[in-house]
file upload12.pdb (PDB, C-alpha atoms and all ligand atoms)
ATOM      1  CA  MET A   1     107.514-180.473 325.064  1.00  0.00           C
ATOM      2  CA  ALA A   2     105.157-178.565 322.810  1.00  0.00           C
ATOM      3  CA  SER A   3     102.617-180.174 320.574  1.00  0.00           C
ATOM      4  CA  ILE A   4      99.170-179.423 319.262  1.00  0.00           C
ATOM      5  CA  PRO A   5      96.268-181.874 319.144  1.00  0.00           C
ATOM      6  CA  ASP A   6      96.200-184.132 316.075  1.00  0.00           C
ATOM      7  CA  ARG A   7      92.972-182.472 314.883  1.00  0.00           C
ATOM      8  CA  ASP A   8      94.672-179.053 314.781  1.00  0.00           C
ATOM      9  CA  PHE A   9      97.734-180.547 313.128  1.00  0.00           C
ATOM     10  CA  VAL A  10      95.581-182.036 310.356  1.00  0.00           C
ATOM     11  CA  ARG A  11      93.787-178.728 309.808  1.00  0.00           C
ATOM     12  CA  ARG A  12      97.046-176.793 309.618  1.00  0.00           C
ATOM     13  CA  ALA A  13      98.725-179.383 307.379  1.00  0.00           C
ATOM     14  CA  ALA A  14      95.849-179.132 304.902  1.00  0.00           C
ATOM     15  CA  ASP A  15      96.651-175.443 304.260  1.00  0.00           C
ATOM     16  CA  ILE A  16     100.381-175.908 303.581  1.00  0.00           C
ATOM     17  CA  GLU A  17     101.670-174.984 300.112  1.00  0.00           C
ATOM     18  CA  CYS A  18     105.340-174.479 300.902  1.00  0.00           C
ATOM     19  CA  VAL A  19     107.829-176.100 303.289  1.00  0.00           C
ATOM     20  CA  LEU A  20     110.887-174.103 304.323  1.00  0.00           C
ATOM     21  CA  CYS A  21     113.848-175.601 306.159  1.00  0.00           C
ATOM     22  CA  ASP A  22     116.583-174.087 308.253  1.00  0.00           C
ATOM     23  CA  VAL A  23     119.915-175.671 307.316  1.00  0.00           C
ATOM     24  CA  ASP A  24     122.411-175.838 310.228  1.00  0.00           C
ATOM     25  CA  GLY A  25     121.028-178.211 312.836  1.00  0.00           C
ATOM     26  CA  VAL A  26     118.121-179.267 310.610  1.00  0.00           C
ATOM     27  CA  LEU A  27     119.364-180.400 307.188  1.00  0.00           C
ATOM     28  CA  THR A  28     122.756-180.879 308.892  1.00  0.00           C
ATOM     29  CA  ASP A  29     123.675-181.889 312.435  1.00  0.00           C
ATOM     30  CA  GLY A  30     125.096-178.408 312.900  1.00  0.00           C
ATOM     31  CA  GLY A  31     128.664-179.597 312.318  1.00  0.00           C
ATOM     32  CA  LEU A  32     130.923-177.453 310.189  1.00  0.00           C
ATOM     33  CA  TYR A  33     133.850-179.022 308.386  1.00  0.00           C
ATOM     34  CA  TYR A  34     136.747-176.943 307.068  1.00  0.00           C
ATOM     35  CA  ASP A  35     139.676-177.963 304.936  1.00  0.00           C
ATOM     36  CA  ARG A  36     143.079-176.370 305.568  1.00  0.00           C
ATOM     37  CA  ARG A  37     142.286-173.594 303.126  1.00  0.00           C
ATOM     38  CA  GLY A  38     139.203-172.748 305.134  1.00  0.00           C
ATOM     39  CA  HIS A  39     136.723-174.052 302.588  1.00  0.00           C
ATOM     40  CA  GLY A  40     133.606-175.234 304.337  1.00  0.00           C
ATOM     41  CA  MET A  41     131.958-178.618 303.869  1.00  0.00           C
ATOM     42  CA  LEU A  42     128.550-179.740 305.058  1.00  0.00           C
ATOM     43  CA  ARG A  43     127.110-183.210 305.581  1.00  0.00           C
ATOM     44  CA  PHE A  44     123.526-183.791 304.471  1.00  0.00           C
ATOM     45  CA  ASP A  45     121.364-186.845 305.106  1.00  0.00           C
ATOM     46  CA  SER A  46     120.185-188.536 301.923  1.00  0.00           C
ATOM     47  CA  ARG A  47     116.894-189.459 303.617  1.00  0.00           C
ATOM     48  CA  ASP A  48     116.076-185.767 303.823  1.00  0.00           C
ATOM     49  CA  GLY A  49     116.708-185.498 300.104  1.00  0.00           C
ATOM     50  CA  LEU A  50     114.146-188.208 299.466  1.00  0.00           C
ATOM     51  CA  GLY A  51     111.729-186.554 301.871  1.00  0.00           C
ATOM     52  CA  LEU A  52     111.994-183.273 299.976  1.00  0.00           C
ATOM     53  CA  ARG A  53     111.438-185.099 296.690  1.00  0.00           C
ATOM     54  CA  LEU A  54     108.337-186.738 298.138  1.00  0.00           C
ATOM     55  CA  ALA A  55     107.047-183.334 299.230  1.00  0.00           C
ATOM     56  CA  GLN A  56     107.621-181.962 295.724  1.00  0.00           C
ATOM     57  CA  ALA A  57     105.878-184.944 294.162  1.00  0.00           C
ATOM     58  CA  ALA A  58     102.900-184.232 296.418  1.00  0.00           C
ATOM     59  CA  GLY A  59     102.754-180.682 295.058  1.00  0.00           C
ATOM     60  CA  LEU A  60     104.493-178.843 297.870  1.00  0.00           C
ATOM     61  CA  ARG A  61     107.069-176.176 297.228  1.00  0.00           C
ATOM     62  CA  THR A  62     110.290-176.820 299.155  1.00  0.00           C
ATOM     63  CA  GLY A  63     112.991-174.352 300.071  1.00  0.00           C
ATOM     64  CA  VAL A  64     115.667-173.321 302.522  1.00  0.00           C
ATOM     65  CA  LEU A  65     115.958-170.265 304.740  1.00  0.00           C
ATOM     66  CA  SER A  66     119.435-170.111 306.226  1.00  0.00           C
ATOM     67  CA  GLY A  67     121.794-167.712 307.872  1.00  0.00           C
ATOM     68  CA  ARG A  68     124.575-169.622 306.157  1.00  0.00           C
ATOM     69  CA  SER A  69     125.907-168.892 302.724  1.00  0.00           C
ATOM     70  CA  SER A  70     128.190-171.529 301.238  1.00  0.00           C
ATOM     71  CA  PRO A  71     128.901-173.194 297.907  1.00  0.00           C
ATOM     72  CA  ALA A  72     128.196-176.589 299.505  1.00  0.00           C
ATOM     73  CA  LEU A  73     124.732-175.475 300.571  1.00  0.00           C
ATOM     74  CA  ASP A  74     123.994-173.930 297.189  1.00  0.00           C
ATOM     75  CA  HIS A  75     125.076-177.146 295.485  1.00  0.00           C
ATOM     76  CA  ARG A  76     122.839-179.344 297.619  1.00  0.00           C
ATOM     77  CA  ALA A  77     119.891-176.964 297.311  1.00  0.00           C
ATOM     78  CA  ARG A  78     120.169-176.864 293.525  1.00  0.00           C
ATOM     79  CA  GLU A  79     120.637-180.633 293.367  1.00  0.00           C
ATOM     80  CA  LEU A  80     117.284-181.016 295.119  1.00  0.00           C
ATOM     81  CA  ASP A  81     115.580-178.310 293.014  1.00  0.00           C
ATOM     82  CA  LEU A  82     114.798-176.332 296.124  1.00  0.00           C
ATOM     83  CA  ASP A  83     112.969-173.051 295.657  1.00  0.00           C
ATOM     84  CA  PRO A  84     113.351-170.625 297.296  1.00  0.00           C
ATOM     85  CA  ILE A  85     117.044-170.824 298.193  1.00  0.00           C
ATOM     86  CA  LEU A  86     117.275-168.047 300.775  1.00  0.00           C
ATOM     87  CA  THR A  87     120.830-168.079 302.153  1.00  0.00           C
ATOM     88  CA  GLY A  88     123.081-165.687 304.000  1.00  0.00           C
ATOM     89  CA  ILE A  89     120.000-164.316 305.734  1.00  0.00           C
ATOM     90  CA  ALA A  90     120.763-162.179 308.788  1.00  0.00           C
ATOM     91  CA  ASP A  91     117.146-161.466 309.705  1.00  0.00           C
ATOM     92  CA  LYS A  92     115.039-164.551 309.083  1.00  0.00           C
ATOM     93  CA  GLY A  93     111.803-162.873 310.094  1.00  0.00           C
ATOM     94  CA  ALA A  94     112.215-160.105 307.536  1.00  0.00           C
ATOM     95  CA  ALA A  95     113.259-162.565 304.819  1.00  0.00           C
ATOM     96  CA  PHE A  96     110.312-164.825 305.618  1.00  0.00           C
ATOM     97  CA  ASP A  97     107.836-161.940 305.473  1.00  0.00           C
ATOM     98  CA  ALA A  98     109.318-160.694 302.198  1.00  0.00           C
ATOM     99  CA  PHE A  99     109.118-164.165 300.656  1.00  0.00           C
ATOM    100  CA  VAL A 100     105.522-164.758 301.726  1.00  0.00           C
ATOM    101  CA  GLU A 101     104.505-161.317 300.491  1.00  0.00           C
ATOM    102  CA  SER A 102     106.292-161.553 297.145  1.00  0.00           C
ATOM    103  CA  GLU A 103     104.820-164.997 296.419  1.00  0.00           C
ATOM    104  CA  GLY A 104     101.301-164.048 297.400  1.00  0.00           C
ATOM    105  CA  LEU A 105     101.234-166.736 300.066  1.00  0.00           C
ATOM    106  CA  SER A 106      99.541-166.437 303.425  1.00  0.00           C
ATOM    107  CA  LEU A 107     101.447-167.247 306.600  1.00  0.00           C
ATOM    108  CA  ARG A 108      99.194-170.272 307.127  1.00  0.00           C
ATOM    109  CA  GLN A 109     100.382-171.775 303.845  1.00  0.00           C
ATOM    110  CA  VAL A 110     104.001-172.087 304.922  1.00  0.00           C
ATOM    111  CA  ALA A 111     105.520-174.746 307.203  1.00  0.00           C
ATOM    112  CA  TYR A 112     108.933-174.174 308.755  1.00  0.00           C
ATOM    113  CA  ILE A 113     111.434-176.298 310.647  1.00  0.00           C
ATOM    114  CA  GLY A 114     114.197-174.711 312.693  1.00  0.00           C
ATOM    115  CA  ASP A 115     116.414-175.601 315.617  1.00  0.00           C
ATOM    116  CA  ASP A 116     117.772-172.472 317.254  1.00  0.00           C
ATOM    117  CA  LEU A 117     117.060-168.957 318.461  1.00  0.00           C
ATOM    118  CA  PRO A 118     117.234-167.150 315.072  1.00  0.00           C
ATOM    119  CA  ASP A 119     114.348-169.396 313.957  1.00  0.00           C
ATOM    120  CA  LEU A 120     111.944-168.357 316.719  1.00  0.00           C
ATOM    121  CA  VAL A 121     110.612-165.365 314.802  1.00  0.00           C
ATOM    122  CA  VAL A 122     109.720-167.556 311.807  1.00  0.00           C
ATOM    123  CA  LEU A 123     108.375-170.438 313.883  1.00  0.00           C
ATOM    124  CA  ALA A 124     106.004-168.017 315.592  1.00  0.00           C
ATOM    125  CA  ARG A 125     104.650-166.714 312.266  1.00  0.00           C
ATOM    126  CA  CYS A 126     104.274-169.784 310.059  1.00  0.00           C
ATOM    127  CA  GLY A 127     101.242-172.035 309.689  1.00  0.00           C
ATOM    128  CA  LEU A 128     102.900-175.207 310.916  1.00  0.00           C
ATOM    129  CA  SER A 129     106.153-175.257 312.878  1.00  0.00           C
ATOM    130  CA  PHE A 130     108.561-178.096 313.613  1.00  0.00           C
ATOM    131  CA  ALA A 131     111.786-178.679 315.516  1.00  0.00           C
ATOM    132  CA  PRO A 132     114.276-181.557 315.531  1.00  0.00           C
ATOM    133  CA  ALA A 133     114.573-183.543 318.765  1.00  0.00           C
ATOM    134  CA  ASP A 134     117.864-181.835 319.604  1.00  0.00           C
ATOM    135  CA  ALA A 135     116.680-178.261 318.988  1.00  0.00           C
ATOM    136  CA  ALA A 136     117.253-175.547 321.592  1.00  0.00           C
ATOM    137  CA  ALA A 137     114.818-175.785 324.504  1.00  0.00           C
ATOM    138  CA  GLU A 138     113.393-172.347 323.650  1.00  0.00           C
ATOM    139  CA  VAL A 139     112.501-173.667 320.204  1.00  0.00           C
ATOM    140  CA  ARG A 140     111.083-176.981 321.381  1.00  0.00           C
ATOM    141  CA  THR A 141     108.634-175.211 323.668  1.00  0.00           C
ATOM    142  CA  VAL A 142     107.047-173.062 320.942  1.00  0.00           C
ATOM    143  CA  VAL A 143     106.682-175.309 317.893  1.00  0.00           C
ATOM    144  CA  HIS A 144     103.557-177.210 316.881  1.00  0.00           C
ATOM    145  CA  ARG A 145     105.476-180.468 316.818  1.00  0.00           C
ATOM    146  CA  VAL A 146     108.866-181.643 318.066  1.00  0.00           C
ATOM    147  CA  LEU A 147     110.046-184.505 315.877  1.00  0.00           C
ATOM    148  CA  GLU A 148     111.826-187.654 317.058  1.00  0.00           C
ATOM    149  CA  ARG A 149     114.884-187.384 314.855  1.00  0.00           C
ATOM    150  CA  PRO A 150     117.788-184.989 315.398  1.00  0.00           C
ATOM    151  CA  GLY A 151     119.106-182.422 312.948  1.00  0.00           C
ATOM    152  CA  GLY A 152     121.050-184.026 310.112  1.00  0.00           C
ATOM    153  CA  GLY A 153     119.506-187.419 310.962  1.00  0.00           C
ATOM    154  CA  GLY A 154     116.468-187.556 308.714  1.00  0.00           C
ATOM    155  CA  VAL A 155     114.290-185.051 310.563  1.00  0.00           C
ATOM    156  CA  VAL A 156     113.153-183.334 307.369  1.00  0.00           C
ATOM    157  CA  ARG A 157     112.026-186.638 305.953  1.00  0.00           C
ATOM    158  CA  GLU A 158     110.112-187.259 309.209  1.00  0.00           C
ATOM    159  CA  MET A 159     108.464-183.822 308.917  1.00  0.00           C
ATOM    160  CA  VAL A 160     107.407-184.415 305.307  1.00  0.00           C
ATOM    161  CA  GLU A 161     105.920-187.778 306.217  1.00  0.00           C
ATOM    162  CA  ALA A 162     103.952-186.188 309.082  1.00  0.00           C
ATOM    163  CA  ILE A 163     102.561-183.487 306.788  1.00  0.00           C
ATOM    164  CA  LEU A 164     101.685-185.884 303.970  1.00  0.00           C
ATOM    165  CA  ARG A 165     100.084-188.385 306.367  1.00  0.00           C
ATOM    166  CA  ALA A 166      97.972-185.616 307.900  1.00  0.00           C
ATOM    167  CA  ARG A 167      96.826-184.587 304.402  1.00  0.00           C
ATOM    168  CA  GLY A 168      96.055-188.174 303.439  1.00  0.00           C
ATOM    169  CA  ASP A 169      98.726-187.995 300.733  1.00  0.00           C
ATOM    170  CA  TRP A 170     101.238-190.427 302.173  1.00  0.00           C
ATOM    171  CA  ASP A 171      99.968-193.587 300.479  1.00  0.00           C
ATOM    172  CA  GLU A 172     100.138-191.883 297.102  1.00  0.00           C
ATOM    173  CA  ALA A 173     103.630-190.519 297.815  1.00  0.00           C
ATOM    174  CA  PHE A 174     104.765-193.943 298.915  1.00  0.00           C
ATOM    175  CA  ARG A 175     103.230-195.837 295.972  1.00  0.00           C
ATOM    176  CA  PRO A 176     106.142-195.466 293.509  1.00  0.00           C
ATOM    177  CA  PHE A 177     108.258-197.422 295.999  1.00  0.00           C
ATOM    178  CA  THR A 178     105.953-200.413 296.207  1.00  0.00           C
ATOM    179  CA  PHE A 179     105.551-203.277 293.771  1.00  0.00           C
ATOM    180  CA  GLU A 180     101.878-202.489 293.124  1.00  0.00           C
ATOM    181  CA  ARG A 181     101.936-199.671 290.583  1.00  0.00           C
TER     182      ARG A 181
HETATM  183 MG    MG B   1     119.813-173.868 312.671  1.00  0.00          MG
END
call {"tool": "encode", "arguments": {"input": "upload12.pdb", "output": "C-alpha cells", "more": "lines below"}}
Ligand SMILES: [Mg+2]
result
Amino acid sequence: MASIPDRDFVRRAADIECVLCDVDGVLTDGGLYYDRRGHGMLRFDSRDGLGLRLAQAAGLRTGVLSGRSSPALDHRARELDLDPILTGIADKGAAFDAFVESEGLSLRQVAYIGDDLPDLVVLARCGLSFAPADAAAEVRTVVHRVLERPGGGGVVREMVEAILRARGDWDEAFRPFTFER
C-alpha cells in the first residue's frame, strides 16, 4: 500500500487550493440504480457532503471530475456548490490539464481522489493524491495516501479531514460544531 511520510504529506497539503473528486466509487460506492424507464439514480453519503462543506469553509475550492454525466450527479454537485463540475469527461487527464491551465493553478495546488484506472493519469499529475480503501490495486499503489473508508462510505470526508489536519485547520473547521464558540 502506497503512502508518503507525514512530513511530505504536510508539505503537499499546505499547497492545496482545490480538491477534485471522482464520482463513481468515490462519492458513490460505484453502484448504479436504474428505474424501469432507464433513468439513473445515485446514492451519495451525507458525511461527504459535510466534508466538502468543511473544505469550502476552510477556503478550499471543491469540485468533481467524472466520466459520468447524469441529472442526479448535477443535482448533488449543485446542491453542494461544487465548482468545477466537470462531468461526462472521456479523457480525465486532458480535462484536468485544461482546468488547471484555465484557472491559473499549478498542479501542486490540486488534490484529487479517484478509485479506478481512468483516474491514474490525474493521480500521477496532481499535488496530493488519494484513493478509497476499495480502489483498484493499480490505483492504491500510486497514490500518496490510501484512506480507510470505501467509496460512498465517507471517504471524501476522511480526505478533507486529513488535509485540514495537516494544514492545522481542523480545529477551526470543527469549532462551529462544538459548544465553545
Ligand atoms: Mg471512479
call {"tool": "residues_around", "arguments": {"input": "upload12.pdb", "residues": "Leu123 in chain A", "least_positions_apart": "5", "cutoff": "9 Å", "atoms": "all atoms listed in the file", "output": "mmCIF file with C-alpha atoms, in the frame of the given file"}}
result
data_model
loop_
_atom_site.group_PDB
_atom_site.id
_atom_site.type_symbol
_atom_site.label_atom_id
_atom_site.label_comp_id
_atom_site.auth_asym_id
_atom_site.auth_seq_id
_atom_site.Cartn_x
_atom_site.Cartn_y
_atom_site.Cartn_z
ATOM 1 C CA ALA A 111 105.520 -174.746 307.203
ATOM 2 C CA TYR A 112 108.933 -174.174 308.755
ATOM 3 C CA ILE A 113 111.434 -176.298 310.647
ATOM 4 C CA GLY A 114 114.197 -174.711 312.693
ATOM 5 C CA LEU A 128 102.900 -175.207 310.916
ATOM 6 C CA SER A 129 106.153 -175.257 312.878
ATOM 7 C CA PHE A 130 108.561 -178.096 313.613
ATOM 8 C CA VAL A 139 112.501 -173.667 320.204
ATOM 9 C CA VAL A 142 107.047 -173.062 320.942
ATOM 10 C CA VAL A 143 106.682 -175.309 317.893
ATOM 11 C CA HIS A 144 103.557 -177.210 316.881
#
call {"tool": "atom_distance", "arguments": {"input": "upload12.pdb", "atom1": "CA of Ser66 in chain A", "atom2": "CA of Arg125 in chain A"}}
result
16.3 Å
call {"tool": "closest_atom_pairs", "arguments": {"input": "upload12.pdb", "of": "chain A", "to": "ligand MG 1 (chain B)", "cutoff": "10 Å", "atoms": "only C-alpha atoms and all ligand atoms", "output": "tab-separated table"}}
result
residue	atom	partner	partner_atom	distance
A:Cys21	CA	B:MG1	MG	9.0
A:Asp22	CA	B:MG1	MG	5.5
A:Val23	CA	B:MG1	MG	5.7
A:Asp24	CA	B:MG1	MG	4.1
A:Gly25	CA	B:MG1	MG	4.5
A:Val26	CA	B:MG1	MG	6.0
A:Leu27	CA	B:MG1	MG	8.5
A:Thr28	CA	B:MG1	MG	8.5
A:Asp29	CA	B:MG1	MG	8.9
A:Gly30	CA	B:MG1	MG	7.0
A:Leu65	CA	B:MG1	MG	9.5
A:Ser66	CA	B:MG1	MG	7.5
A:Gly67	CA	B:MG1	MG	8.1
A:Arg68	CA	B:MG1	MG	9.1
A:Ile113	CA	B:MG1	MG	9.0
A:Gly114	CA	B:MG1	MG	5.7
A:Asp115	CA	B:MG1	MG	4.8
A:Asp116	CA	B:MG1	MG	5.2
A:Leu117	CA	B:MG1	MG	8.1
A:Pro118	CA	B:MG1	MG	7.6
A:Asp119	CA	B:MG1	MG	7.2
A:Ala131	CA	B:MG1	MG	9.8
A:Pro132	CA	B:MG1	MG	9.9
A:Ala135	CA	B:MG1	MG	8.3
A:Ala136	CA	B:MG1	MG	9.4
A:Gly151	CA	B:MG1	MG	8.6
call {"tool": "residues_around", "arguments": {"input": "upload12.pdb", "residues": "Leu32 in chain A", "least_positions_apart": "4", "cutoff": "7 Å", "atoms": "all atoms listed in the file", "output": "mmCIF file with C-alpha atoms, in the coordinates of the input"}}
result
data_model
loop_
_atom_site.group_PDB
_atom_site.id
_atom_site.type_symbol
_atom_site.label_atom_id
_atom_site.label_comp_id
_atom_site.auth_asym_id
_atom_site.auth_seq_id
_atom_site.Cartn_x
_atom_site.Cartn_y
_atom_site.Cartn_z
ATOM 1 C CA GLY A 40 133.606 -175.234 304.337
ATOM 2 C CA MET A 41 131.958 -178.618 303.869
ATOM 3 C CA LEU A 42 128.550 -179.740 305.058
#
call {"tool": "resolve_selection", "arguments": {"input": "upload12.pdb", "expression": "the PyMOL selection byres (((chain A and resi 163) around 9) and not hetatm)", "output": "PyMOL selection string"}}
result
chain A and resi 9-10+13-14+16+55+158-162+164-170
call {"tool": "closest_residue", "arguments": {"input": "upload12.pdb", "among": "A:Ser3, A:Leu60, A:Phe44, A:Leu105", "to": "His75 in chain A", "atoms": "all atoms listed in the file"}}
result
A:Phe44
call {"tool": "axis_aligned_box", "arguments": {"input": "upload12.pdb", "around": "range 56-67 of chain A", "padding_each_side": "6 Å", "output": "lines of an AutoDock Vina configuration file"}}
result
center_x = 112.3
center_y = -176.3
center_z = 301.0
size_x = 31.0
size_y = 29.2
size_z = 25.7
call {"tool": "resolve_selection", "arguments": {"input": "upload12.pdb", "expression": "the PyMOL selection byres (((chain A and resi 62) around 9) and not hetatm)", "output": "ChimeraX atom specification"}}
result
/A:17-21,52-53,55-56,60-61,63-64,81-84
call {"tool": "atom_distance", "arguments": {"input": "upload12.pdb", "atom1": "CA of Arg149 in chain A", "atom2": "CA of Ala133 in chain A"}}
result
5.5 Å
call {"tool": "resolve_selection", "arguments": {"input": "upload12.pdb", "expression": "the PyMOL selection byres (((chain A and resi 88-96) around 6) and not hetatm)", "output": "ChimeraX atom specification"}}
result
/A:66-69,87,97-99,121-122
call {"tool": "atom_distance", "arguments": {"input": "upload12.pdb", "atom1": "CA of Leu50 in chain A", "atom2": "CA of Val110 in chain A"}}
result
19.8 Å
call {"tool": "closest_residue", "arguments": {"input": "upload12.pdb", "among": "A:Arg47, A:Ser70, A:Ala124, A:Asp6", "to": "Tyr33 in chain A", "atoms": "only C-alpha atoms"}}
result
A:Ser70
call {"tool": "residues_around", "arguments": {"input": "upload12.pdb", "residues": "Glu79 in chain A", "least_positions_apart": "5", "cutoff": "10 Å", "atoms": "only C-alpha atoms", "output": "count of residues only"}}
result
3
call {"tool": "closest_residue", "arguments": {"input": "upload12.pdb", "among": "A:Arg37, A:Leu54, A:Arg78, A:Asp15", "to": "Pro176 in chain A", "atoms": "only C-alpha atoms"}}
result
A:Leu54
call {"tool": "decode", "arguments": {"input": "upload12.pdb", "residues": "range 77-153 of chain A", "atoms": "C-alpha atoms", "output": "short mmCIF file (atom, residue, chain, number, x, y, z; two decimals), in the first residue's frame"}}
result
data_model
loop_
_atom_site.label_atom_id
_atom_site.label_comp_id
_atom_site.auth_asym_id
_atom_site.auth_seq_id
_atom_site.Cartn_x
_atom_site.Cartn_y
_atom_site.Cartn_z
CA ALA A 77 -22.99 18.82 -7.26
CA ARG A 78 -25.08 21.99 -7.43
CA GLU A 79 -26.60 21.29 -4.02
CA LEU A 80 -23.09 21.28 -2.57
CA ASP A 81 -21.98 24.35 -4.57
CA LEU A 82 -19.23 22.35 -6.19
CA ASP A 83 -17.04 24.16 -8.70
CA PRO A 84 -15.86 22.96 -11.12
CA ILE A 85 -18.50 20.41 -12.14
CA LEU A 86 -16.62 18.52 -14.85
CA THR A 87 -18.86 15.65 -15.98
CA GLY A 88 -19.11 13.38 -18.98
CA ILE A 89 -15.34 13.55 -19.28
CA ALA A 90 -13.84 10.90 -21.56
CA ASP A 91 -10.22 11.92 -21.06
CA LYS A 92 -9.66 12.94 -17.45
CA GLY A 93 -6.03 13.86 -17.99
CA ALA A 94 -6.87 16.35 -20.73
CA ALA A 95 -9.77 17.80 -18.74
CA PHE A 96 -7.59 18.13 -15.64
CA ASP A 97 -4.82 19.89 -17.56
CA ALA A 98 -7.32 22.24 -19.21
CA PHE A 99 -8.90 23.10 -15.86
CA VAL A 100 -5.58 23.76 -14.13
CA GLU A 101 -4.39 25.88 -17.05
CA SER A 102 -7.59 27.90 -17.40
CA GLU A 103 -7.71 28.66 -13.66
CA GLY A 104 -4.07 29.62 -13.42
CA LEU A 105 -3.44 26.89 -10.86
CA SER A 106 -0.30 24.82 -10.61
CA LEU A 107 -0.51 21.04 -10.47
CA ARG A 108 0.75 21.15 -6.88
CA GLN A 109 -2.28 23.19 -5.83
CA VAL A 110 -4.80 20.50 -6.72
CA ALA A 111 -5.65 17.37 -4.71
CA TYR A 112 -7.52 14.51 -6.37
CA ILE A 113 -9.22 11.35 -5.18
CA GLY A 114 -10.03 8.53 -7.58
CA ASP A 115 -10.64 4.81 -7.47
CA ASP A 116 -10.06 3.27 -10.88
CA LEU A 117 -7.89 3.14 -13.97
CA PRO A 118 -9.21 6.29 -15.73
CA ASP A 119 -8.03 8.24 -12.66
CA LEU A 120 -4.39 7.15 -12.87
CA VAL A 121 -3.41 9.93 -15.26
CA VAL A 122 -4.79 12.59 -12.89
CA LEU A 123 -3.46 10.94 -9.73
CA ALA A 124 0.02 10.98 -11.25
CA ARG A 125 -0.16 14.71 -12.04
CA CYS A 126 -1.82 16.30 -9.00
CA GLY A 127 -0.14 17.67 -5.89
CA LEU A 128 -1.78 15.30 -3.43
CA SER A 129 -3.49 12.07 -4.45
CA PHE A 130 -5.90 9.83 -2.55
CA ALA A 131 -7.76 6.57 -3.06
CA PRO A 132 -10.60 4.91 -1.14
CA ALA A 133 -9.79 1.64 0.63
CA ASP A 134 -11.59 -0.36 -2.06
CA ALA A 135 -9.93 1.32 -5.06
CA ALA A 136 -8.34 -0.76 -7.82
CA ALA A 137 -4.95 -2.18 -6.81
CA GLU A 138 -3.25 -0.20 -9.59
CA VAL A 139 -4.60 2.99 -8.04
CA ARG A 140 -3.78 2.09 -4.45
CA THR A 141 -0.14 1.55 -5.34
CA VAL A 142 0.41 5.02 -6.84
CA VAL A 143 -1.44 7.46 -4.59
CA HIS A 144 0.09 9.49 -1.77
CA ARG A 145 -2.43 8.11 0.69
CA VAL A 146 -4.92 5.24 0.69
CA LEU A 147 -7.79 6.11 3.02
CA GLU A 148 -9.54 3.73 5.41
CA ARG A 149 -13.07 4.25 4.17
CA PRO A 150 -14.51 2.81 0.96
CA GLY A 151 -16.09 4.73 -1.89
CA GLY A 152 -19.55 6.02 -1.00
CA GLY A 153 -18.81 5.45 2.71
#
